[in-house]
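All remarks here apply to the structure that follows.
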Amino acid sequence: MGVWRAGQRLDGTGVVVVPPASNPQQRRQRRANRRRWLLAAVATFILLNLLAIGAYANARFTPDHRAEGPAGTAGVPEPVRDGGTVVDFPDGRLEARRMPAKTIALTFDDGPDPQWTPKVLDVLARHHAPATFFVVGSQVARHPELAERMAREGHELGIHTFTHPQMADLPPWRRKLEYSQTQAAIAYLTGVDTSLARLPYSSGVDSLDDASWPVVRETGQWGYVSVFNDTDSQDWARPGVPAIVRNSTPDGDRGAVVLMHDSGGDRSQTVAALDRFIPEMQARGYRFTTVSQGLGQPGAGTARLDGMDRARGALLVWGVRAADGTIQLLWLLLIVVGLLTLARTLLLFGYALAHARRRRAPTWSWGGEVTDPVTIIVPAYNERTTIAAAVRSLATGTHPGIEVLVVDDESDDGTAEEVERLGLPNVRVARVPGGGKAAALNAGVALARHDLLVMVDADTVVDPDAIHRLVQPFADPRVGAVAGNVKVGNRRRLLGRWQHIEYVIGFSLDRRLYDTLHCMPTIPGALGAFRREAVLAAGGLSRATLAEDTDLTMGVHRAGWRVVYEESAVARTEAPVTLPELWRQRYRWSYGTMQALWRHRRALVDRGPSGRFGRRGLPFIALFSVLLPLLAPVVDIFAVYGLFFLDRYETVAAWLAVLVVQIVTAVLAFRLDREPLRPLWVLPLQQFVYRQVMYLVLVHSVVTALSGGRLKWQKLRRTGEVAAAHAQPVT
């Protein structure tokens with residue numbers, strides 16, 4: 001694509017010049033841009049916060065029994081060490097109490113769980129046995145209906161922290177937050193308050209040590225009663241129903257606080273064991289009760305929530321749900337990205353290799369040699385730095401009958417004069433009123449002396465035989481347009497090398513694939529050939545989109561012409577040398593492609609050639625040229641997320657696997673295009689800067705499109721590096 005100034009349009013009769021935007025218009029545009037960036041910033045901030053909440057609420061934990069053994073118990077008071085299962089600090093005094101004789105308090109840890117908690121509740125209801133559930137706050141937020149059912153059916157809820165961390169490893173403020181968040185979630189969802197707490201990894205009194213005892217004492221200072229167990233069913237080990245029943249049964253008539261689990265894995269044995277254990281113990285005269293009732297203490301009271309407490313609980317609960325929904329959506333998008341990437345990779349390897357083998361076969365030919373004269377149209381606006389080299393490379397090509405027509409779009413830097421100073425007999429200059437690139441190309445089509453047209457950007461130099469090779473597909477009368485093989489000429493700097501890799505993969509693989517599937521989306525503005533008849537059948541070049549080359553190519557398809565790729569016709573263009581210039585260029589390309597897709601959407605329901613292209617080409621282009629790049633940031637988001645919050649080794653392995661696929665794809669593209677592999681050493685670095693810039697560009701383009709914003713042509717700065725070196729081979 002070329003580079004053009006803003007503020008120009010066509011009227012119904014021809015080309016006109018529209019004055020630059022007025023100050024009020026500029027101010028409105030700046031305000032719109034600020035709004036879009038503010039929207040993007042707010043969306044990013046919300047996403048980061050939701051991911052942080054999700055990481056916090058989804059912290060992985062192991063069941064309580066897997067905690068490491070005690071480091072020392074000298075600091076644990078003797079009444080607690082001797083089996084005081086309920087530890088309280090009324091008025092600062094230590095009280096360690098046990099269940100009375102013939103009394104069992106069933107306690108369940110780590111829930112609620114959507115699969116197993118309802119089954120546990122069903123068994124308890126069938127046998128009229130109340131229990132105490134020590135719930136994880138994040139699970140309560142996810143499954144509020146289960147917490148509500150517990151409270152409604154007379155069970156007691158206790159706090160098992162919000163994320164199930166090792167509390168002794170946390171600072172005091174974080175420990176208090178674990179309690180208060182769980183309390184807020186319970187109160188908001190069930191309307192009850194609780195004063196019971198059980199530390200993760202300290203369910204039994206024998207698990208207390210000198211590291212965890214200060215946490216128990218601190219818990220009491222905050223007004224919570226710490227509940228341990230003296231009878232472990234060991235259901236976590238799934239030893240079988242008889243073993244769970246045996247482990248849960250207290251000796252003689254002793255009372256017990258029995259530990260079971262309603263979450264953390266397969267709890268079918270726990271459910272079956274409960275169905276046997278409760279009636280057996282009831283037959284022996286045992287009563288089942290909650291912890292508070294067993295000790296003769298008041299149970300949970302009605303929560304008194306003021307406006308701030310209710311708001312805090314609501315934000316907490318809905319924050320966890322929104323975070324879970326966001327992460328689930330990202331996982332779904334990651335699967336979509338993976339499937340699309342896999343499909344694209346398989347298609348590229350299969351079709352590109354087949355395309356290359358077919359073209360390299362000794363018998364391959366487009367038909368008889370094409371020697372018809374060609375008019376090369378070069379639209380130019382303020383291209384004095386590059387125009388001479390571009391025109392000279394075109395005019396001195398090996399194809400017989402070359403006419404170079406430079407359409408000067410009211411340049412004010414001496415572009416036309418620079419061309420005239422060359423004194424080449426087969427070069428003409430046409431000065432036209434400023435109307436933009438599409439208008440200049442339409443003028444060139446009208447003024448061309450020949451019916452085979454080649455369109456070349458003014459910053460591009462071509463190989464001597466490029467034009468001759470480019471027009472050979474016209475030996476097939478069905479061919480209406482031909483895409484050339486455009487390469488980055490200024491690749492000495494890192495940014496240029498990254499673009500070089502992108503161009504080689506895009507042209508060597510993508511265009512081979514599109515060529516095979518007969519849905520080539522774009523004839524590049526840097527080097528493309530057309531039959532005049534095909535251009536006119538497509539309606540010429542339009543200012544309706546910023547990607548006039550893509551728009552024209554789709555129009556040629558819809559008019560019933562074949563569009564093909566000739567990889568041996570090589571041109572070198574000057575790529576942007578700074579990130580801001582690269583941003584402007586790709587922003588325009590992305591936005592223009594979306595405009596072209598939307599403009600030709602009717603092809604999806606058309607009949608004939610237009611419908612064939614629409615139903616095959618448009619979905620394919622939308623999937624692999626818009627949707628896949630738009631969703632690709634999910635890979636990097638999860639890579640960063642996984643490094644901090646998931647298994648980092650698995651994350652790194654997955655990211656490296658993606659990189660290997662990219663490297664293999666790049667190697668294939670470079671080999672097919674007969675390019676040296678040396679530049680590929682920068683490909684891993686491309687993942688950390690260049691790829692993210694491309695993501696942001698596409699997102700910016702989508703936001704602009706959805707907000708109804710208009711994007712104008714902008715002039716990029718040219719260094720003339722390619723023009724200066726065009727006579728030398730580029731390595």
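Starting from 1 in every chain, residues are counted up; chains themselves are A, B, ... following the order of the structure tokens, and ligands are numbered from 1 as listed.
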Quick one: which range 157-204 of chain A residues come within 12 Å of range 92-112 of chain A, and what is the nearest atom pair for each with the distance in Å to one decimal, counting only C-alpha atoms, rows ordered by chain and ascending number, as JSON lines?
{"residue": "A:Leu157", "atom": "CA", "partner": "A:Thr107", "partner_atom": "CA", "distance": 9.6}
{"residue": "A:Gly158", "atom": "CA", "partner": "A:Asp109", "partner_atom": "CA", "distance": 9.3}
{"residue": "A:Ile159", "atom": "CA", "partner": "A:Asp109", "partner_atom": "CA", "distance": 9.5}
{"residue": "A:His160", "atom": "CA", "partner": "A:Asp110", "partner_atom": "CA", "distance": 7.1}
{"residue": "A:Thr161", "atom": "CA", "partner": "A:Asp110", "partner_atom": "CA", "distance": 9.4}
{"residue": "A:Phe162", "atom": "CA", "partner": "A:Asp110", "partner_atom": "CA", "distance": 10.1}
{"residue": "A:Thr163", "atom": "CA", "partner": "A:Asp110", "partner_atom": "CA", "distance": 9.8}
{"residue": "A:His164", "atom": "CA", "partner": "A:Asp110", "partner_atom": "CA", "distance": 8.0}
{"residue": "A:Pro165", "atom": "CA", "partner": "A:Asp110", "partner_atom": "CA", "distance": 11.6}
{"residue": "A:Ile186", "atom": "CA", "partner": "A:Pro112", "partner_atom": "CA", "distance": 11.8}
{"residue": "A:Leu196", "atom": "CA", "partner": "A:Thr107", "partner_atom": "CA", "distance": 11.5}
{"residue": "A:Ala197", "atom": "CA", "partner": "A:Asp109", "partner_atom": "CA", "distance": 10.9}
{"residue": "A:Arg198", "atom": "CA", "partner": "A:Asp109", "partner_atom": "CA", "distance": 8.7}
{"residue": "A:Leu199", "atom": "CA", "partner": "A:Asp109", "partner_atom": "CA", "distance": 10.2}
{"residue": "A:Pro200", "atom": "CA", "partner": "A:Asp110", "partner_atom": "CA", "distance": 8.8}
{"residue": "A:Tyr201", "atom": "CA", "partner": "A:Asp109", "partner_atom": "CA", "distance": 10.6}
{"residue": "A:Ser202", "atom": "CA", "partner": "A:Asp109", "partner_atom": "CA", "distance": 11.2}
{"residue": "A:Ser203", "atom": "CA", "partner": "A:Asp109", "partner_atom": "CA", "distance": 8.7}
{"residue": "A:Gly204", "atom": "CA", "partner": "A:Thr107", "partner_atom": "CA", "distance": 11.7}
Exercise. Which of these, A:Gln269, A:Thr553, A:Ser508, A:Ser542, has the shortest distance to Gly435 in chain A once you count only C-alpha atoms?
Worked result: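 Closest residue, counting only C-alpha atoms: A:Ser542.
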Please tabulate, as a Markdown table, the residues of range 521-620 of chain A that come within 12 Å of range 624-638 of chain A, each with its closest pair of atoms and the distance in Å to one decimal, counting only C-alpha atoms and ordering rows by chain, then residue number upward.
| residue | atom | partner | partner_atom | distance |
| --- | --- | --- | --- | --- |
| A:Pro521 | CA | A:Ser625 | CA | 9.4 |
| A:Thr522 | CA | A:Ser625 | CA | 11.2 |
| A:Trp589 | CA | A:Ser625 | CA | 11.2 |
| A:Ser590 | CA | A:Val626 | CA | 8.0 |
| A:Tyr591 | CA | A:Val626 | CA | 10.0 |
| A:Gly592 | CA | A:Val626 | CA | 11.4 |
| A:Thr593 | CA | A:Val626 | CA | 8.5 |
| A:Met594 | CA | A:Val626 | CA | 7.8 |
| A:Gln595 | CA | A:Val626 | CA | 11.5 |
| A:Ala596 | CA | A:Val626 | CA | 11.9 |
| A:Leu597 | CA | A:Val626 | CA | 9.9 |
| A:Gly617 | CA | A:Phe624 | CA | 10.6 |
| A:Leu618 | CA | A:Ser625 | CA | 10.0 |
| A:Pro619 | CA | A:Phe624 | CA | 8.5 |
| A:Phe620 | CA | A:Phe624 | CA | 6.1 |
For this session: Extract, using only C-alpha atoms, all DNA, RNA and protein residues at most 6 Å from range 113-127 of chain A, discarding same-chain residues fewer than 4 positions from it, and format them as a ChimeraX atom specification.
Result: /A:262-263,271
Problem set entry | Residues flagged alpha helix (DSSP H) by DSSP in range 392-427 of chain A, as a ChimeraX atom specification | /A:392-395,415-422
Output file for the residues above (N, CA, C and O atoms, as a compact mmCIF listing (two decimals), in the first residue's frame):
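part.txt written:
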# COMPACT_ATOMS: atom_id res chain seq x y z
N ARG A 392 13.62 4.00 -12.40
CA ARG A 392 14.74 3.45 -13.16
C ARG A 392 14.68 1.92 -13.19
O ARG A 392 14.91 1.30 -14.23
N SER A 393 14.37 1.30 -12.04
CA SER A 393 14.30 -0.17 -12.01
C SER A 393 13.15 -0.69 -12.86
O SER A 393 13.25 -1.76 -13.45
N LEU A 394 12.07 0.08 -12.96
CA LEU A 394 10.93 -0.34 -13.76
C LEU A 394 11.18 -0.15 -15.25
O LEU A 394 10.88 -1.02 -16.08
N ALA A 395 11.74 1.01 -15.60
CA ALA A 395 11.90 1.36 -17.01
C ALA A 395 12.96 0.52 -17.71
O ALA A 395 12.92 0.34 -18.93
N THR A 415 8.73 15.87 -6.92
CA THR A 415 8.70 14.47 -7.35
C THR A 415 8.66 14.35 -8.88
O THR A 415 9.44 13.60 -9.48
N ALA A 416 7.75 15.08 -9.51
CA ALA A 416 7.62 15.00 -10.97
C ALA A 416 8.90 15.45 -11.66
O ALA A 416 9.36 14.83 -12.64
N GLU A 417 9.50 16.53 -11.17
CA GLU A 417 10.74 17.03 -11.78
C GLU A 417 11.86 16.01 -11.65
O GLU A 417 12.70 15.88 -12.56
N GLU A 418 11.88 15.29 -10.54
CA GLU A 418 12.92 14.27 -10.35
C GLU A 418 12.78 13.17 -11.40
O GLU A 418 13.78 12.67 -11.92
N VAL A 419 11.55 12.80 -11.72
CA VAL A 419 11.33 11.78 -12.74
C VAL A 419 11.73 12.31 -14.12
O VAL A 419 12.40 11.62 -14.91
N GLU A 420 11.37 13.53 -14.41
CA GLU A 420 11.68 14.10 -15.72
C GLU A 420 13.19 14.24 -15.93
O GLU A 420 13.69 14.10 -17.06
N ARG A 421 13.94 14.48 -14.85
CA ARG A 421 15.39 14.61 -14.98
C ARG A 421 16.05 13.30 -15.40
O ARG A 421 17.18 13.31 -15.91
N LEU A 422 15.35 12.17 -15.19
CA LEU A 422 15.93 10.90 -15.60
C LEU A 422 16.08 10.81 -17.12
O LEU A 422 16.98 10.12 -17.63
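Proximity to Glu156 in chain A at 10 Å, evaluated using only C-alpha atoms and with sequence-adjacent residues fewer than 5 positions away removed, yields A:Thr107, A:Pro130, A:Ala131, A:Thr132, A:Phe133, A:Phe134, A:Ala147, A:Met150, A:Ala151, A:Val192, A:Asp193, A:Thr194, A:Leu196, A:Thr289, A:Thr290, A:Val291, A:Ser292, A:Gln293, A:Gly299, A:Ala300.
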Problem set entry | Residue nearest Ala343 in chain A - candidates A:Val462, A:Leu552, A:Leu623, A:Gln221, atoms counted: only C-alpha atoms |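 Comparing A:Val462, A:Leu552, A:Leu623, A:Gln221 against Ala343 in chain A, the winner is A:Leu623.
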For this session: Identify, on the basis of only C-alpha atoms, every residue whose closest approach to Ala654 in chain A does not exceed 12 Å; exclude the query and any residue fewer than 4 positions from it along the same chain; express the result as a PyMOL selection string.
Result: chain A and resi 338+635-636+638-640+642-643+647-650+658-661
Just list as an mmCIF file with N, CA, C and O atoms, in the first residue's frame whatever in range 112-215 of chain A DSSP marks as strand (DSSP E or B).
data_model
loop_
_atom_site.group_PDB
_atom_site.id
_atom_site.type_symbol
_atom_site.label_atom_id
_atom_site.label_comp_id
_atom_site.auth_asym_id
_atom_site.auth_seq_id
_atom_site.Cartn_x
_atom_site.Cartn_y
_atom_site.Cartn_z
ATOM 1 N N THR A 132 -21.426 -29.445 60.562
ATOM 2 C CA THR A 132 -20.736 -28.155 60.432
ATOM 3 C C THR A 132 -19.843 -28.210 59.201
ATOM 4 O O THR A 132 -19.007 -29.123 59.073
ATOM 5 N N PHE A 133 -20.023 -27.253 58.293
ATOM 6 C CA PHE A 133 -19.250 -27.195 57.052
ATOM 7 C C PHE A 133 -18.256 -26.037 57.148
ATOM 8 O O PHE A 133 -18.660 -24.876 57.288
ATOM 9 N N PHE A 134 -16.976 -26.356 57.104
ATOM 10 C CA PHE A 134 -15.946 -25.323 57.066
ATOM 11 C C PHE A 134 -15.651 -25.035 55.594
ATOM 12 O O PHE A 134 -15.028 -25.841 54.898
ATOM 13 N N VAL A 135 -16.159 -23.911 55.157
ATOM 14 C CA VAL A 135 -16.207 -23.618 53.721
ATOM 15 C C VAL A 135 -15.053 -22.708 53.315
ATOM 16 O O VAL A 135 -14.569 -21.891 54.102
ATOM 17 N N GLU A 156 -24.383 -25.757 60.183
ATOM 18 C CA GLU A 156 -23.566 -24.636 60.635
ATOM 19 C C GLU A 156 -22.424 -24.414 59.649
ATOM 20 O O GLU A 156 -21.833 -25.374 59.137
ATOM 21 N N LEU A 157 -22.148 -23.155 59.370
ATOM 22 C CA LEU A 157 -21.046 -22.819 58.479
ATOM 23 C C LEU A 157 -19.893 -22.256 59.303
ATOM 24 O O LEU A 157 -20.095 -21.453 60.215
ATOM 25 N N GLY A 158 -18.706 -22.708 58.975
ATOM 26 C CA GLY A 158 -17.507 -22.179 59.589
ATOM 27 C C GLY A 158 -16.546 -21.708 58.511
ATOM 28 O O GLY A 158 -16.685 -22.038 57.329
ATOM 29 N N ILE A 159 -15.557 -20.928 58.912
ATOM 30 C CA ILE A 159 -14.606 -20.329 57.964
ATOM 31 C C ILE A 159 -13.397 -21.239 57.789
ATOM 32 O O ILE A 159 -12.767 -21.647 58.775
ATOM 33 N N VAL A 192 -26.287 -15.081 57.487
ATOM 34 C CA VAL A 192 -25.892 -15.507 58.829
ATOM 35 C C VAL A 192 -24.435 -15.142 59.071
ATOM 36 O O VAL A 192 -23.645 -14.995 58.145
ATOM 37 N N LEU A 196 -16.944 -19.548 63.934
ATOM 38 C CA LEU A 196 -16.086 -20.732 63.891
ATOM 39 C C LEU A 196 -15.078 -20.629 62.763
ATOM 40 O O LEU A 196 -15.398 -20.143 61.670
ATOM 41 N N ALA A 197 -13.871 -21.118 63.006
ATOM 42 C CA ALA A 197 -12.824 -21.101 61.985
ATOM 43 C C ALA A 197 -11.988 -22.360 62.105
ATOM 44 O O ALA A 197 -11.823 -22.917 63.204
ATOM 45 N N GLY A 204 -6.432 -31.345 62.525
ATOM 46 C CA GLY A 204 -6.313 -32.119 63.754
ATOM 47 C C GLY A 204 -5.444 -31.410 64.773
ATOM 48 O O GLY A 204 -4.531 -30.656 64.418
#
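In this structure, CA of Tyr587 in chain A sits 15.7 Å away from CA of Glu502 in chain A.
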Problem set entry | All residues 8 Å or closer to Val504 in chain A, only C-alpha atoms, same chain fewer than 3 positions away omitted, as a PyMOL selection string | chain A and resi 487+500-501+507-509+669-670+673
For this session: Can you pull out every residue within 9 Å of Ala534 in chain A, counting only C-alpha atoms, but drop anything in the same chain fewer than 3 positions away, and send it as a list in words?
Result: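 Here the qualifying residues turn out to be Val479, Gly480, Ala481, Phe530, Arg531, Ala537, Ala538, Gly539, Gly540, Gly555, Val556, Ala559, Gly560 and Trp561 of chain A.
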Problem set entry | Separation of CA of Arg267 in chain A from CA of Gly325 in chain A in Å |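 These two atoms are separated by 26.1 Å.
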Exercise. Using only C-alpha atoms, which residue out of A:Val570, A:Arg284, A:Leu346, A:Ile663 lies closest to Pro250 in chain A?
Worked result: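 Among the listed residues, the smallest separation from Pro250 in chain A belongs to A:Arg284.
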For this session: Go through A:Leu259, A:Ile327, A:Leu332, A:Ile505 and flag the residue nearest Trp236 in chain A, using only C-alpha atoms for the distances.
Result: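 Comparing A:Leu259, A:Ile327, A:Leu332, A:Ile505 against Trp236 in chain A, the winner is A:Leu259.
Note that the spacing between CA of Asn485 in chain A and CA of Ala569 in chain A amounts to 5.6 Å.
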